[in-house]
Amino acid sequence: MTNAEAARRLGLDCLCPGEEREVSGGYAGDLLSWVMGRAGRDCAWITIMSNVNVAAVAVMAEASMVILAEGVKPDPELLRRAELEGIALYSSPLNAYELSWRLHEALL
């Protein structure tokens, strides 16, 4: 499934559409160095972090999309960087647990 399809299935709000890519799994985490080393390529990364460093980690981890959980709003610099890097950036009022569960079900 593509990141756009995942966003539709999860009812996400699009902050930056980014490049359309396949989603092969998910990862939930907020410690950026941990995410860099453990998030799988083409994952949907779920986080509450909203600063510009999220864009750098998403690129290094090769995440297919970033989902900001719990209604977190991105810093303006993160939005700008996501647009520049082609990062698909979404938000949801749901918490990371609920988003992870729903993503898992959508990928089955």
# chains A, B, ... in the order shown; residues from 1 in each chain; ligands from 1
>>> select_by_dssp(residues="chain A", states="helix (DSSP H, G or I)", output="compact mmCIF listing (two decimals) with C-alpha atoms, in the first residue's frame")
# COMPACT_ATOMS: atom_id res chain seq x y z
CA ASN A 3 1.65 6.24 1.90
CA ALA A 4 -1.34 8.09 0.39
CA GLU A 5 -3.50 4.96 0.71
CA ALA A 6 -2.30 4.43 4.29
CA ALA A 7 -3.25 8.04 5.08
CA ARG A 8 -6.75 7.49 3.68
CA ARG A 9 -7.24 4.23 5.58
CA LEU A 10 -6.03 5.75 8.85
CA LEU A 32 15.62 10.17 17.18
CA SER A 33 18.91 8.29 17.40
CA TRP A 34 16.97 5.10 18.21
CA VAL A 35 14.66 5.60 15.23
CA MET A 36 17.63 6.13 12.89
CA GLY A 37 19.07 2.76 13.78
CA ARG A 38 15.89 0.72 14.08
CA ASN A 53 15.32 17.00 13.13
CA VAL A 54 12.40 14.71 12.32
CA ALA A 55 12.94 15.47 8.62
CA ALA A 56 16.62 14.53 8.79
CA VAL A 57 15.85 11.27 10.60
CA ALA A 58 13.05 10.41 8.14
CA VAL A 59 15.48 10.85 5.24
CA MET A 60 18.28 8.84 6.89
CA ALA A 61 15.91 6.05 7.95
CA PRO A 76 7.26 25.62 10.71
CA GLU A 77 10.83 24.57 9.97
CA LEU A 78 9.80 20.89 9.88
CA LEU A 79 7.05 21.68 7.39
CA ARG A 80 9.46 23.62 5.21
CA ARG A 81 12.04 20.83 5.32
CA ALA A 82 9.43 18.14 4.59
CA GLU A 83 8.38 20.03 1.47
CA LEU A 84 11.99 20.47 0.40
CA GLU A 85 12.89 16.79 0.96
CA ALA A 96 0.89 6.12 18.92
CA TYR A 97 -0.59 2.87 20.24
CA GLU A 98 -3.89 3.34 18.41
CA LEU A 99 -2.16 4.43 15.21
CA SER A 100 0.20 1.46 15.34
CA TRP A 101 -2.71 -0.94 15.79
CA ARG A 102 -4.66 0.57 12.91
CA LEU A 103 -1.62 0.62 10.65
CA HIS A 104 -0.94 -3.04 11.43
CA GLU A 105 -4.53 -3.93 10.53
CA ALA A 106 -4.36 -1.91 7.30
CA LEU A 107 -1.18 -3.70 6.24
>>> select_by_dssp(residues="range 2-104 of chain A", states="strand (DSSP E or B)", output="PyMOL selection string")
chain A and resi 2+13-16+22+25-28+43-47+65-68+89-91
>>> write_last_selection(atoms="C-alpha atoms", output="PDB file, in the first residue's frame")
ATOM      1  CA  THR A   2       1.229   3.524  -0.698  1.00  0.00           C
ATOM      2  CA  ASP A  13      -4.605  14.873   8.000  1.00  0.00           C
ATOM      3  CA  CYS A  14      -2.109  15.685   5.271  1.00  0.00           C
ATOM      4  CA  LEU A  15       0.464  18.312   6.249  1.00  0.00           C
ATOM      5  CA  CYS A  16       2.774  17.665   3.285  1.00  0.00           C
ATOM      6  CA  GLU A  22       5.175   2.080  -0.602  1.00  0.00           C
ATOM      7  CA  GLY A  25       5.604  -1.617   7.962  1.00  0.00           C
ATOM      8  CA  GLY A  26       5.533   0.780  10.837  1.00  0.00           C
ATOM      9  CA  TYR A  27       7.693   2.110  13.637  1.00  0.00           C
ATOM     10  CA  ALA A  28       6.684   4.130  16.685  1.00  0.00           C
ATOM     11  CA  CYS A  43       8.081   2.303   7.240  1.00  0.00           C
ATOM     12  CA  ALA A  44       5.384   4.644   8.443  1.00  0.00           C
ATOM     13  CA  TRP A  45       7.106   6.372  11.366  1.00  0.00           C
ATOM     14  CA  ILE A  46       4.767   7.419  14.182  1.00  0.00           C
ATOM     15  CA  THR A  47       6.090  10.059  16.593  1.00  0.00           C
ATOM     16  CA  MET A  65       5.973   8.704   5.740  1.00  0.00           C
ATOM     17  CA  VAL A  66       5.922  10.415   9.126  1.00  0.00           C
ATOM     18  CA  ILE A  67       2.771  10.541  11.242  1.00  0.00           C
ATOM     19  CA  LEU A  68       2.589  13.064  14.083  1.00  0.00           C
ATOM     20  CA  LEU A  89       4.034  14.262   6.636  1.00  0.00           C
ATOM     21  CA  TYR A  90       0.679  13.571   8.275  1.00  0.00           C
ATOM     22  CA  SER A  91      -1.013  14.141  11.622  1.00  0.00           C
TER      23      SER A  91
END
>>> residues_around(residues="range 70-73 of chain A", least_positions_apart="3", cutoff="8 Å", atoms="only C-alpha atoms", output="list in words")
Ile48, Met49, Ser50, Ser91, Ser92, Pro93, Leu94, Asn95 and Ala96 of chain A
>>> atom_distance(atom1="CA of Glu20 in chain A", atom2="CA of Gly86 in chain A")
8.9 Å
>>> atom_distance(atom1="CA of Glu62 in chain A", atom2="CA of Ile87 in chain A")
9.6 Å
>>> atom_distance(atom1="CA of Asn51 in chain A", atom2="CA of Ala69 in chain A")
13.5 Å
